[in-house]
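Visitor: This one is input_39.txt, compact mmCIF, C-alpha atoms.
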```txt
# COMPACT_ATOMS: atom_id res chain seq x y z
CA MET P 1 1.69 -25.39 2.30
CA THR P 2 3.95 -25.67 5.35
CA MET P 3 3.94 -22.82 7.83
CA ARG P 4 5.39 -22.40 11.28
CA MET P 5 2.83 -21.92 13.98
CA GLU P 6 4.72 -19.46 16.16
CA THR P 7 3.14 -16.02 16.26
CA ALA P 8 5.35 -13.34 14.73
CA GLN P 9 5.60 -9.92 16.34
CA THR P 10 3.85 -7.22 14.38
CA TYR P 11 3.94 -3.63 15.52
CA VAL P 12 0.41 -2.51 14.72
CA SER P 13 -0.89 -1.52 18.16
CA GLY P 14 1.33 1.35 19.17
CA ARG P 15 3.87 -0.96 20.79
CA LEU P 16 7.36 0.36 20.23
CA CYS P 17 10.10 -2.05 19.15
CA LEU P 18 13.65 -1.13 20.16
CA PRO P 19 16.08 -3.60 18.54
CA GLU P 20 18.89 -4.45 20.94
CA GLY P 21 22.27 -3.08 19.89
CA TYR P 22 20.86 -1.14 16.96
CA THR P 23 23.13 1.45 15.34
CA PRO P 24 22.18 3.47 12.26
CA ALA P 25 24.34 2.64 9.27
CA LEU P 26 24.27 6.24 7.99
CA SER P 27 24.44 9.69 9.53
CA LEU P 28 21.39 11.95 9.38
CA ARG P 29 22.80 13.84 6.42
CA GLU P 30 23.78 10.64 4.62
CA THR P 31 20.32 9.27 5.31
CA GLU P 32 18.68 12.26 3.67
CA GLN P 33 20.88 11.81 0.59
CA ALA P 34 20.09 8.11 0.48
CA ILE P 35 16.35 8.79 0.72
CA LYS P 36 16.53 10.94 -2.41
CA PHE P 37 18.59 8.31 -4.21
CA ILE P 38 16.09 5.56 -3.39
CA LYS P 39 13.06 7.63 -4.37
CA ASP P 40 14.60 8.80 -7.65
CA THR P 41 15.80 5.31 -8.56
CA PHE P 42 12.60 3.48 -7.70
CA GLN P 43 10.15 5.87 -9.33
CA ASN P 44 12.15 5.97 -12.54
CA GLY P 45 12.24 2.18 -12.62
CA LEU P 46 8.53 1.96 -11.85
CA ALA P 47 7.64 4.38 -14.64
CA ALA P 48 9.71 2.41 -17.15
CA ALA P 49 8.40 -1.00 -16.06
CA LEU P 50 4.71 -0.08 -16.17
CA ASN P 51 4.75 2.67 -18.86
CA LEU P 52 3.72 5.43 -16.46
CA ALA P 53 3.95 9.21 -16.83
CA ARG P 54 4.37 11.46 -13.82
CA VAL P 55 1.51 13.87 -13.07
CA SER P 56 0.64 16.39 -10.39
CA ALA P 57 -1.92 15.36 -7.78
CA PRO P 58 -4.24 17.14 -5.34
CA LEU P 59 -3.58 17.39 -1.63
CA CYS P 60 -7.31 17.78 -0.99
CA VAL P 61 -10.61 17.15 -2.76
CA THR P 62 -14.13 18.41 -2.09
CA ALA P 63 -16.09 16.22 0.30
CA ALA P 64 -19.06 16.10 -2.07
CA SER P 65 -17.08 14.73 -5.01
CA GLY P 66 -16.81 11.17 -3.68
CA LEU P 67 -13.15 11.12 -4.78
CA ASN P 68 -11.58 10.62 -1.37
CA ASP P 69 -10.51 7.14 -0.39
CA HIS P 70 -12.25 5.82 2.72
CA LEU P 71 -9.68 3.04 3.20
CA ASN P 72 -11.24 0.53 5.60
CA GLY P 73 -14.37 2.66 5.97
CA VAL P 74 -13.68 3.75 9.56
CA GLU P 75 -10.86 6.28 9.23
CA THR P 76 -11.76 9.95 9.65
CA PRO P 77 -10.43 12.27 6.91
CA VAL P 78 -9.13 15.70 7.86
CA ARG P 79 -11.88 18.10 6.79
CA PHE P 80 -11.90 21.88 6.52
CA SER P 81 -14.04 24.61 4.97
CA ILE P 82 -12.87 26.67 1.99
CA ARG P 83 -14.30 30.10 2.69
CA SER P 84 -14.11 31.52 -0.81
CA ILE P 85 -16.19 28.78 -2.44
CA GLY P 86 -18.32 27.77 0.54
CA GLU P 87 -17.52 24.07 0.34
CA ASP P 88 -15.96 21.51 2.65
CA ALA P 89 -12.76 19.87 1.51
CA GLU P 90 -10.88 16.81 2.75
CA ILE P 91 -7.18 16.03 2.72
CA VAL P 92 -6.86 12.90 0.61
CA GLN P 93 -6.31 9.58 2.36
CA SER P 94 -5.13 8.13 -0.94
CA LEU P 95 -5.75 8.86 -4.62
CA ALA P 96 -7.35 5.55 -5.59
CA LYS P 97 -10.36 7.12 -7.31
CA TRP P 98 -8.83 10.42 -8.39
CA LYS P 99 -6.23 8.60 -10.52
CA ARG P 100 -8.83 6.73 -12.50
CA ALA P 101 -10.71 9.91 -13.28
CA ALA P 102 -7.44 11.58 -14.28
CA LEU P 103 -6.66 8.80 -16.78
CA ALA P 104 -9.96 9.56 -18.50
CA ASP P 105 -9.67 13.33 -18.31
CA TYR P 106 -6.05 13.42 -19.53
CA GLY P 107 -6.68 11.06 -22.46
CA PHE P 108 -4.50 8.09 -21.44
CA GLY P 109 -4.92 5.03 -23.67
CA HIS P 110 -4.71 1.28 -23.17
CA GLY P 111 -1.40 0.20 -21.65
CA GLU P 112 -0.57 3.74 -20.53
CA GLY P 113 -0.66 5.01 -16.99
CA LEU P 114 0.34 7.64 -14.49
CA TYR P 115 2.08 7.90 -11.16
CA THR P 116 2.30 10.68 -8.63
CA ASP P 117 3.48 11.58 -5.15
CA MET P 118 0.60 11.11 -2.74
CA ASN P 119 0.84 12.93 0.57
CA ALA P 120 -1.86 12.31 3.15
CA ILE P 121 -2.71 12.88 6.79
CA ARG P 122 -4.34 9.98 8.62
CA PRO P 123 -5.04 11.15 12.18
CA ASP P 124 -6.50 7.81 13.27
CA GLU P 125 -3.22 5.93 12.80
CA THR P 126 -1.75 4.31 15.91
CA LEU P 127 1.84 5.50 16.02
CA ASP P 128 4.61 2.91 16.23
CA ASN P 129 7.71 1.79 14.32
CA LEU P 130 5.80 1.52 11.04
CA HIS P 131 2.96 4.03 11.30
CA SER P 132 2.88 7.81 11.20
CA VAL P 133 0.04 10.30 10.76
CA TYR P 134 1.88 11.47 7.64
CA VAL P 135 1.66 9.11 4.67
CA ASP P 136 3.85 9.41 1.59
CA GLN P 137 3.49 6.95 -1.25
CA TRP P 138 3.64 6.58 -4.98
CA ASP P 139 0.12 6.25 -6.29
CA TRP P 140 -0.04 4.73 -9.77
CA GLU P 141 -2.80 3.72 -12.18
CA ARG P 142 -2.81 2.17 -15.66
CA VAL P 143 -5.48 1.62 -18.30
CA ILE P 144 -6.35 -2.01 -19.08
CA ASP P 145 -9.01 -3.79 -21.11
CA ALA P 146 -11.59 -6.38 -20.11
CA SER P 147 -9.37 -9.32 -21.10
CA GLU P 148 -6.78 -8.19 -18.54
CA ARG P 149 -9.14 -8.31 -15.56
CA THR P 150 -7.57 -11.60 -14.43
CA VAL P 151 -5.40 -12.92 -11.63
CA PRO P 152 -2.52 -13.85 -14.01
CA PHE P 153 -2.41 -10.27 -15.29
CA LEU P 154 -2.40 -8.94 -11.72
CA GLU P 155 0.45 -11.30 -10.83
CA GLY P 156 2.46 -10.14 -13.85
CA ILE P 157 2.19 -6.49 -12.78
CA VAL P 158 3.19 -7.42 -9.22
CA ARG P 159 6.26 -9.27 -10.52
CA ASP P 160 7.24 -6.19 -12.55
CA ILE P 161 7.03 -4.01 -9.43
CA TYR P 162 8.96 -6.51 -7.34
CA GLY P 163 11.65 -6.56 -10.03
CA VAL P 164 12.01 -2.79 -9.69
CA LEU P 165 12.37 -3.27 -5.93
CA LEU P 166 15.15 -5.85 -6.40
CA ARG P 167 17.01 -3.60 -8.85
CA THR P 168 16.71 -0.59 -6.52
CA ASN P 169 18.01 -2.69 -3.64
CA GLN P 170 21.01 -3.77 -5.72
CA LEU P 171 21.91 -0.17 -6.55
CA VAL P 172 21.52 0.92 -2.91
CA CYS P 173 23.85 -1.88 -1.81
CA GLU P 174 26.46 -0.74 -4.35
CA ARG P 175 26.20 2.91 -3.35
CA TYR P 176 25.97 2.39 0.43
CA PRO P 177 27.96 -0.75 1.29
CA SER P 178 27.79 0.02 5.03
CA VAL P 179 24.00 -0.52 5.02
CA PRO P 180 22.98 -4.13 5.77
CA ALA P 181 21.10 -5.46 2.76
CA PRO P 182 17.59 -6.85 3.29
CA GLU P 183 17.27 -10.55 2.53
CA LEU P 184 14.93 -10.33 -0.44
CA PRO P 185 14.15 -13.57 -2.29
CA ASP P 186 14.61 -13.59 -6.05
CA GLU P 187 11.07 -14.86 -6.54
CA LEU P 188 7.91 -13.53 -4.92
CA ALA P 189 5.40 -15.99 -3.46
CA PHE P 190 1.69 -15.67 -4.31
CA VAL P 191 -1.13 -16.98 -2.13
CA ARG P 192 -4.90 -16.56 -2.02
CA SER P 193 -6.46 -15.35 1.22
CA GLU P 194 -8.96 -18.24 1.12
CA ASP P 195 -6.09 -20.74 0.97
CA LEU P 196 -4.34 -19.05 3.89
CA GLU P 197 -7.48 -19.51 5.95
CA ALA P 198 -7.92 -23.13 4.89
CA ASP P 199 -4.31 -24.01 5.74
CA ASP P 200 -4.19 -22.04 9.00
CA PRO P 201 -7.75 -21.76 10.36
CA ASP P 202 -6.80 -21.35 14.01
CA HIS P 203 -4.99 -18.03 13.61
CA THR P 204 -6.02 -14.50 12.72
CA PRO P 205 -5.61 -13.16 9.17
CA GLN P 206 -2.58 -11.12 10.27
CA GLU P 207 -0.96 -14.11 11.96
CA ARG P 208 -1.44 -16.18 8.80
CA VAL P 209 0.39 -13.54 6.79
CA ASP P 210 3.14 -13.38 9.43
CA HIS P 211 3.71 -17.13 9.18
CA ILE P 212 3.96 -17.34 5.41
CA CYS P 213 5.89 -14.09 5.02
CA ARG P 214 8.52 -15.15 7.54
CA ASP P 215 8.95 -18.44 5.70
CA SER P 216 9.00 -17.03 2.16
CA GLY P 217 10.59 -13.62 2.73
CA ALA P 218 8.17 -11.87 0.39
CA VAL P 219 4.57 -12.69 -0.45
CA PHE P 220 1.64 -11.19 -2.32
CA VAL P 221 -1.71 -12.08 -0.79
CA ILE P 222 -4.55 -12.04 -3.33
CA GLY P 223 -8.15 -11.33 -2.37
CA ILE P 224 -8.41 -8.58 0.27
CA GLY P 225 -11.85 -7.33 1.30
CA ALA P 226 -14.39 -10.12 0.83
CA PRO P 227 -15.52 -12.09 3.89
CA LEU P 228 -13.74 -15.43 4.28
CA ARG P 229 -15.29 -18.64 5.55
CA ASP P 230 -15.24 -17.39 9.15
CA GLY P 231 -17.07 -14.21 8.11
CA ASN P 232 -14.08 -11.89 8.43
CA PRO P 233 -12.08 -10.46 5.51
CA GLN P 234 -8.32 -10.83 5.24
CA ASP P 235 -8.29 -7.05 5.70
CA GLY P 236 -10.67 -4.17 5.12
CA ARG P 237 -11.19 -2.49 1.75
CA ALA P 238 -13.51 0.28 0.65
CA ALA P 239 -16.26 -0.68 -1.78
CA ASP P 240 -15.46 1.64 -4.65
CA TYR P 241 -11.93 1.09 -5.94
CA ASP P 242 -10.38 -2.42 -5.69
CA ASP P 243 -12.40 -5.33 -7.06
CA TRP P 244 -12.45 -7.80 -4.15
CA SER P 245 -15.74 -9.52 -4.97
CA THR P 246 -15.47 -10.91 -8.51
CA PRO P 247 -15.24 -14.74 -8.49
CA THR P 248 -12.05 -15.97 -10.16
CA ASP P 249 -12.84 -19.69 -9.84
CA GLU P 250 -15.10 -21.92 -7.77
CA THR P 251 -13.43 -21.12 -4.43
CA HIS P 252 -11.69 -17.74 -4.81
CA ARG P 253 -12.76 -14.13 -5.14
CA GLY P 254 -10.92 -10.90 -5.70
CA LEU P 255 -8.58 -9.20 -8.17
CA ASN P 256 -6.51 -7.26 -5.65
CA GLY P 257 -3.91 -7.86 -2.98
CA ASP P 258 -1.13 -6.68 -0.67
CA LEU P 259 2.64 -7.04 -0.98
CA PHE P 260 4.38 -8.08 2.24
CA ILE P 261 8.12 -8.25 2.98
CA TRP P 262 9.63 -9.91 6.05
CA ASN P 263 11.56 -7.34 8.10
CA PRO P 264 14.23 -9.21 10.11
CA LEU P 265 15.35 -6.10 12.00
CA LEU P 266 11.92 -5.65 13.58
CA GLY P 267 10.91 -9.31 13.35
CA CYS P 268 7.62 -8.50 11.67
CA THR P 269 5.68 -8.51 8.45
CA PHE P 270 6.14 -5.30 6.51
CA GLU P 271 3.33 -4.21 4.17
CA LEU P 272 4.94 -2.34 1.31
CA SER P 273 2.13 -1.98 -1.20
CA SER P 274 -1.59 -2.41 -1.76
CA MET P 275 -2.87 -2.72 -5.32
CA GLY P 276 -5.51 -4.24 -7.49
CA ILE P 277 -7.63 -4.35 -10.59
CA ARG P 278 -10.36 -1.78 -10.05
CA VAL P 279 -14.10 -2.28 -9.96
CA ASP P 280 -16.14 -2.34 -13.13
CA PRO P 281 -19.77 -1.13 -12.89
CA SER P 282 -21.16 -4.50 -11.79
CA ALA P 283 -18.50 -5.01 -9.12
CA LEU P 284 -19.04 -1.46 -7.85
CA LEU P 285 -22.76 -2.03 -7.33
CA ARG P 286 -22.16 -5.43 -5.75
CA GLN P 287 -19.62 -4.05 -3.30
CA LEU P 288 -21.61 -0.93 -2.44
CA GLU P 289 -24.56 -3.17 -1.62
CA ALA P 290 -22.37 -5.47 0.49
CA HIS P 291 -21.21 -2.47 2.55
CA GLY P 292 -24.67 -0.90 2.76
CA GLU P 293 -23.49 2.10 0.74
CA LEU P 294 -25.70 2.03 -2.34
CA ALA P 295 -26.57 5.70 -1.80
CA ASN P 296 -22.98 6.52 -2.85
CA ARG P 297 -23.79 5.57 -6.44
CA ASP P 298 -25.26 9.07 -6.79
CA LEU P 299 -21.92 10.76 -6.06
CA PRO P 300 -20.25 12.37 -9.10
CA TYR P 301 -17.36 9.89 -9.34
CA HIS P 302 -19.61 6.86 -8.97
CA ARG P 303 -22.06 8.18 -11.58
CA ARG P 304 -19.20 8.51 -14.08
CA LEU P 305 -18.02 4.97 -13.41
CA LEU P 306 -21.50 3.47 -13.71
CA ALA P 307 -22.09 5.39 -16.95
CA GLY P 308 -18.94 3.92 -18.49
CA ASP P 309 -17.12 7.26 -18.62
CA LEU P 310 -14.04 5.89 -16.81
CA PRO P 311 -11.59 3.34 -18.24
CA LEU P 312 -10.94 -0.08 -16.77
CA THR P 313 -7.76 0.19 -14.72
CA ILE P 314 -5.29 -1.43 -12.38
CA GLY P 315 -3.48 0.60 -9.74
CA GLY P 316 -2.12 0.88 -6.26
CA GLY P 317 0.06 2.64 -3.76
CA ILE P 318 3.66 1.95 -2.74
CA GLY P 319 4.92 3.37 0.53
CA GLN P 320 7.88 5.69 0.03
CA SER P 321 8.98 5.84 3.66
CA ARG P 322 8.37 2.10 4.04
CA LEU P 323 10.64 1.42 1.06
CA CYS P 324 13.35 3.67 2.50
CA MET P 325 13.03 1.95 5.89
CA LEU P 326 13.51 -1.44 4.29
CA LEU P 327 16.46 -0.57 2.08
CA LEU P 328 18.26 1.62 4.64
CA HIS P 329 17.82 -0.83 7.53
CA THR P 330 16.15 1.68 9.82
CA ALA P 331 14.25 0.67 12.94
CA HIS P 332 11.62 3.43 12.88
CA ILE P 333 9.74 5.26 10.14
CA GLY P 334 10.70 8.52 11.86
CA GLN P 335 14.28 7.95 10.67
CA VAL P 336 13.22 8.45 7.04
CA GLN P 337 10.45 11.05 7.38
CA SER P 338 9.95 14.09 9.56
CA GLY P 339 6.90 13.37 11.70
CA ILE P 340 5.12 14.13 14.94
CA TRP P 341 5.84 11.79 17.84
CA SER P 342 5.15 11.81 21.54
CA ASP P 343 7.92 12.98 23.86
CA ALA P 344 7.97 9.52 25.40
CA MET P 345 8.55 7.86 22.01
CA ARG P 346 11.28 10.32 21.07
CA SER P 347 13.04 9.79 24.38
CA ALA P 348 12.83 6.00 24.17
CA CYS P 349 14.15 6.00 20.59
CA PHE P 350 16.99 8.37 21.44
CA ALA P 351 18.04 6.18 24.37
CA ALA P 352 18.03 3.13 22.06
CA GLY P 353 20.21 4.83 19.43
CA ILE P 354 17.35 5.50 17.03
CA PRO P 355 17.48 9.16 15.88
CA LEU P 356 14.14 10.51 14.66
CA LEU P 357 14.11 13.31 12.09
```
Please render this file's structure as structure tokens.
Guide:
Amino acid sequence: MTMRMETAQTYVSGRLCLPEGYTPALSLRETEQAIKFIKDTFQNGLAAALNLARVSAPLCVTAASGLNDHLNGVETPVRFSIRSIGEDAEIVQSLAKWKRAALADYGFGHGEGLYTDMNAIRPDETLDNLHSVYVDQWDWERVIDASERTVPFLEGIVRDIYGVLLRTNQLVCERYPSVPAPELPDELAFVRSEDLEADDPDHTPQERVDHICRDSGAVFVIGIGAPLRDGNPQDGRAADYDDWSTPTDETHRGLNGDLFIWNPLLGCTFELSSMGIRVDPSALLRQLEAHGELANRDLPYHRRLLAGDLPLTIGGGIGQSRLCMLLLHTAHIGQVQSGIWSDAMRSACFAAGIPLL
């Protein structure tokens, strides 16, 4: 594998990028119309490609249920007390576990799945061009069987999703010819996180992704969460949804991954989706033990999974605002969602011709 050694610029530390000479391709009103078009087009294509039915989803879950997603394990969920029932609730950080329980409770069968709008508040996010405290994504989940808990099956689902992205991009280009089209390759590259480390040991996990994503245009990195040779994971993952620990051959682990697109406007890697085959009972126990969280096996969700009451599944999340940013050639996520920003950021964006909603 050949990769350039220059370090790409990624905006993950609150550093604001103001592209020189940037001008929005659409007015604010046109942008709002285009957002709806993109969301309608993509979710319909996703549902058809993966055989998914749309369902309603919770904004919050009880803290004691164990259903909330703890992401990398360090983010603080927004918590509040519900007076009438005397319990604490949390605004969801994603619906990774809730979806799997819903598939069982709603009677979905093998090869069937669901998708929903997931809205979350993540107060620990560092605000920049790509990150907001408000998160909007499509969360999806589909029932599989034991024979499909493989890397080839995961790659096939990823290709289906990427195909929906290419088709949506084509329709956006036809409808809004004034919008510069992203340079999306016809074929998506796949790479294992262990191989990235072996080929590029002198750089950080993020820098490795930057190098390969800039060269390939779009890449899916498989195996996110298990420690690599240097002791650090490619990125953090909670212990109780994605399976990042199951060996897939002599040198690789993990049945999950992240989809990255190169964003030439910002000159950075653009994470569009995180997905994976979910833990079975043995992987759940192994990963809880690795994170020192075995006590969580007594939570209601975890008890159901260990008892075999939940189906085997694959699922993930796809950023709605991120997708709109990419296809509408916007420089800031605040151009495609109404968010909260500092006065300094609003002023700097306004001066650079970047209108925030």
Visitor: Any chance you could tabulate, as JSON lines, the residues of range 238-266 of chain P at most 12 Å from range 305-321 of chain P with each one's nearest atom pair and distance in Å to one decimal, using only C-alpha atoms, in chain and rising number order?
Guide:
```
{"residue": "P:Asp240", "atom": "CA", "partner": "P:Leu305", "partner_atom": "CA", "distance": 9.7}
{"residue": "P:Tyr241", "atom": "CA", "partner": "P:Gly315", "partner_atom": "CA", "distance": 9.3}
{"residue": "P:Asp242", "atom": "CA", "partner": "P:Ile314", "partner_atom": "CA", "distance": 8.5}
{"residue": "P:Asp243", "atom": "CA", "partner": "P:Ile314", "partner_atom": "CA", "distance": 9.7}
{"residue": "P:Leu255", "atom": "CA", "partner": "P:Ile314", "partner_atom": "CA", "distance": 9.4}
{"residue": "P:Asn256", "atom": "CA", "partner": "P:Ile314", "partner_atom": "CA", "distance": 9.0}
{"residue": "P:Gly257", "atom": "CA", "partner": "P:Gly316", "partner_atom": "CA", "distance": 9.5}
{"residue": "P:Asp258", "atom": "CA", "partner": "P:Gly316", "partner_atom": "CA", "distance": 9.5}
{"residue": "P:Leu259", "atom": "CA", "partner": "P:Ile318", "partner_atom": "CA", "distance": 9.2}
{"residue": "P:Phe260", "atom": "CA", "partner": "P:Ile318", "partner_atom": "CA", "distance": 11.2}
```
Visitor: So how far away is CA of Asn232 in chain P from CA of Val191 in chain P, in Å?
Guide: 17.5 Å
Visitor: With distances taken over only C-alpha atoms, which of P:Leu285, P:Leu299, P:Leu130, P:Leu356 is nearest to Glu271 in chain P?
Guide: P:Leu130
Visitor: Please provide the set of residues having any atom within 10 Å of Met325 in chain P, restricted to only C-alpha atoms, with same-chain residues fewer than 3 positions apart removed, written as a short mmCIF file (atom, residue, chain, number, x, y, z; two decimals) with C-alpha atoms, in the frame of the given file.
Guide:
```cif
data_model
loop_
_atom_site.label_atom_id
_atom_site.label_comp_id
_atom_site.auth_asym_id
_atom_site.auth_seq_id
_atom_site.Cartn_x
_atom_site.Cartn_y
_atom_site.Cartn_z
CA ILE P 35 16.35 8.79 0.72
CA ASN P 129 7.71 1.79 14.32
CA LEU P 130 5.80 1.52 11.04
CA ASN P 263 11.56 -7.34 8.10
CA GLY P 319 4.92 3.37 0.53
CA GLN P 320 7.88 5.69 0.03
CA SER P 321 8.98 5.84 3.66
CA ARG P 322 8.37 2.10 4.04
CA LEU P 328 18.26 1.62 4.64
CA HIS P 329 17.82 -0.83 7.53
CA THR P 330 16.15 1.68 9.82
CA ALA P 331 14.25 0.67 12.94
CA HIS P 332 11.62 3.43 12.88
CA ILE P 333 9.74 5.26 10.14
CA GLY P 334 10.70 8.52 11.86
CA GLN P 335 14.28 7.95 10.67
CA VAL P 336 13.22 8.45 7.04
CA GLN P 337 10.45 11.05 7.38
#
```
Visitor: Please compute the CA of Asp195 in chain P-CA of Glu148 in chain P distance, one decimal, in Å.
Guide: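 Answer for the CA of Asp195 in chain P to CA of Glu148 in chain P separation: 23.2 Å.
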Visitor: Please provide the set of residues having any atom within 12 Å of His291 in chain P, restricted to only C-alpha atoms, with same-chain residues fewer than 2 positions apart removed, written as a PDB file with C-alpha atoms, in the frame of the given file.
Guide:
```
ATOM      1  CA  ASN P  72     -11.240   0.530   5.600  1.00  0.00           C
ATOM      2  CA  GLY P  73     -14.370   2.660   5.970  1.00  0.00           C
ATOM      3  CA  GLY P 225     -11.850  -7.330   1.300  1.00  0.00           C
ATOM      4  CA  ALA P 226     -14.390 -10.120   0.830  1.00  0.00           C
ATOM      5  CA  PRO P 227     -15.520 -12.090   3.890  1.00  0.00           C
ATOM      6  CA  GLY P 236     -10.670  -4.170   5.120  1.00  0.00           C
ATOM      7  CA  ARG P 237     -11.190  -2.490   1.750  1.00  0.00           C
ATOM      8  CA  ALA P 238     -13.510   0.280   0.650  1.00  0.00           C
ATOM      9  CA  ALA P 239     -16.260  -0.680  -1.780  1.00  0.00           C
ATOM     10  CA  ASP P 240     -15.460   1.640  -4.650  1.00  0.00           C
ATOM     11  CA  SER P 245     -15.740  -9.520  -4.970  1.00  0.00           C
ATOM     12  CA  LEU P 284     -19.040  -1.460  -7.850  1.00  0.00           C
ATOM     13  CA  LEU P 285     -22.760  -2.030  -7.330  1.00  0.00           C
ATOM     14  CA  ARG P 286     -22.160  -5.430  -5.750  1.00  0.00           C
ATOM     15  CA  GLN P 287     -19.620  -4.050  -3.300  1.00  0.00           C
ATOM     16  CA  LEU P 288     -21.610  -0.930  -2.440  1.00  0.00           C
ATOM     17  CA  GLU P 289     -24.560  -3.170  -1.620  1.00  0.00           C
ATOM     18  CA  GLU P 293     -23.490   2.100   0.740  1.00  0.00           C
ATOM     19  CA  LEU P 294     -25.700   2.030  -2.340  1.00  0.00           C
ATOM     20  CA  ALA P 295     -26.570   5.700  -1.800  1.00  0.00           C
ATOM     21  CA  ASN P 296     -22.980   6.520  -2.850  1.00  0.00           C
TER      22      ASN P 296
END
```
Visitor: Quick one: of P:Asp186, P:Asp128, P:Asp139, P:Glu207, who's nearest to Arg15 in chain P, counting all atoms listed in the file?
Guide: P:Asp128
Visitor: Between P:Ile161, P:Ser282, P:Leu16, P:Arg304, which has the minimum distance to Thr126 in chain P (counting all atoms listed in the file)?
Guide: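 Looking only at the distances to Thr126 in chain P, the closest residue turns out to be P:Leu16.
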Visitor: Quick one: of P:Tyr176, P:Phe350, P:Trp244, P:Tyr106, who's nearest to Tyr22 in chain P, counting all atoms listed in the file?
Guide: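 Of all the options, P:Phe350 lies closest to Tyr22 in chain P.
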Visitor: Once you count only C-alpha atoms, which residues end up no further than 6 Å from (-11.1, 15.5, 0.7) in the file's frame, shown as a list of chain:residue names?
Guide: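 Applying the cut-off with only C-alpha atoms, one gets P:Cys60, P:Val61, P:Thr62, P:Ala63, P:Asn68, P:Ala89, P:Glu90, P:Ile91, P:Val92.
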Visitor: Can you tell me, as a ChimeraX atom specification, what residues are no more than 7 Å from Ala53 in chain P when counting all atoms listed in the file, ignoring any on the same chain fewer than 6 positions away?
Guide: /P:47,113-115
Visitor: List every protein, DNA or RNA residue with an atom no more than 10 Å from (11.4, -6.4, 11.3) in the file's coordinates, counting only C-alpha atoms, and format the result as a ChimeraX atom specification.
Guide: /P:8-11,17,19,129-130,214,261-270,326,329-332
Visitor: Please dump the current selection as a PDB file, keeping the file's coordinate frame; keep C-alpha atoms.
Guide:
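Contents of result13.pdb, as written:
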```pdb
ATOM      1  CA  ALA P   8       5.350 -13.340  14.730  1.00  0.00           C
ATOM      2  CA  GLN P   9       5.600  -9.920  16.340  1.00  0.00           C
ATOM      3  CA  THR P  10       3.850  -7.220  14.380  1.00  0.00           C
ATOM      4  CA  TYR P  11       3.940  -3.630  15.520  1.00  0.00           C
ATOM      5  CA  CYS P  17      10.100  -2.050  19.150  1.00  0.00           C
ATOM      6  CA  PRO P  19      16.080  -3.600  18.540  1.00  0.00           C
ATOM      7  CA  ASN P 129       7.710   1.790  14.320  1.00  0.00           C
ATOM      8  CA  LEU P 130       5.800   1.520  11.040  1.00  0.00           C
ATOM      9  CA  ARG P 214       8.520 -15.150   7.540  1.00  0.00           C
ATOM     10  CA  ILE P 261       8.120  -8.250   2.980  1.00  0.00           C
ATOM     11  CA  TRP P 262       9.630  -9.910   6.050  1.00  0.00           C
ATOM     12  CA  ASN P 263      11.560  -7.340   8.100  1.00  0.00           C
ATOM     13  CA  PRO P 264      14.230  -9.210  10.110  1.00  0.00           C
ATOM     14  CA  LEU P 265      15.350  -6.100  12.000  1.00  0.00           C
ATOM     15  CA  LEU P 266      11.920  -5.650  13.580  1.00  0.00           C
ATOM     16  CA  GLY P 267      10.910  -9.310  13.350  1.00  0.00           C
ATOM     17  CA  CYS P 268       7.620  -8.500  11.670  1.00  0.00           C
ATOM     18  CA  THR P 269       5.680  -8.510   8.450  1.00  0.00           C
ATOM     19  CA  PHE P 270       6.140  -5.300   6.510  1.00  0.00           C
ATOM     20  CA  LEU P 326      13.510  -1.440   4.290  1.00  0.00           C
ATOM     21  CA  HIS P 329      17.820  -0.830   7.530  1.00  0.00           C
ATOM     22  CA  THR P 330      16.150   1.680   9.820  1.00  0.00           C
ATOM     23  CA  ALA P 331      14.250   0.670  12.940  1.00  0.00           C
ATOM     24  CA  HIS P 332      11.620   3.430  12.880  1.00  0.00           C
TER      25      HIS P 332
END
```
Visitor: By how many Å are CA of Lys97 in chain P and CA of Gln43 in chain P apart?
Guide: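 Computed distance, CA of Lys97 in chain P to CA of Gln43 in chain P, equals 20.6 Å.
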Visitor: Which residue, P:Phe42, P:Tyr134, P:Tyr162, P:Trp341, has the smallest gap to Ala189 in chain P when you use only C-alpha atoms?
Guide: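 Smallest distance to Ala189 in chain P is found for P:Tyr162.
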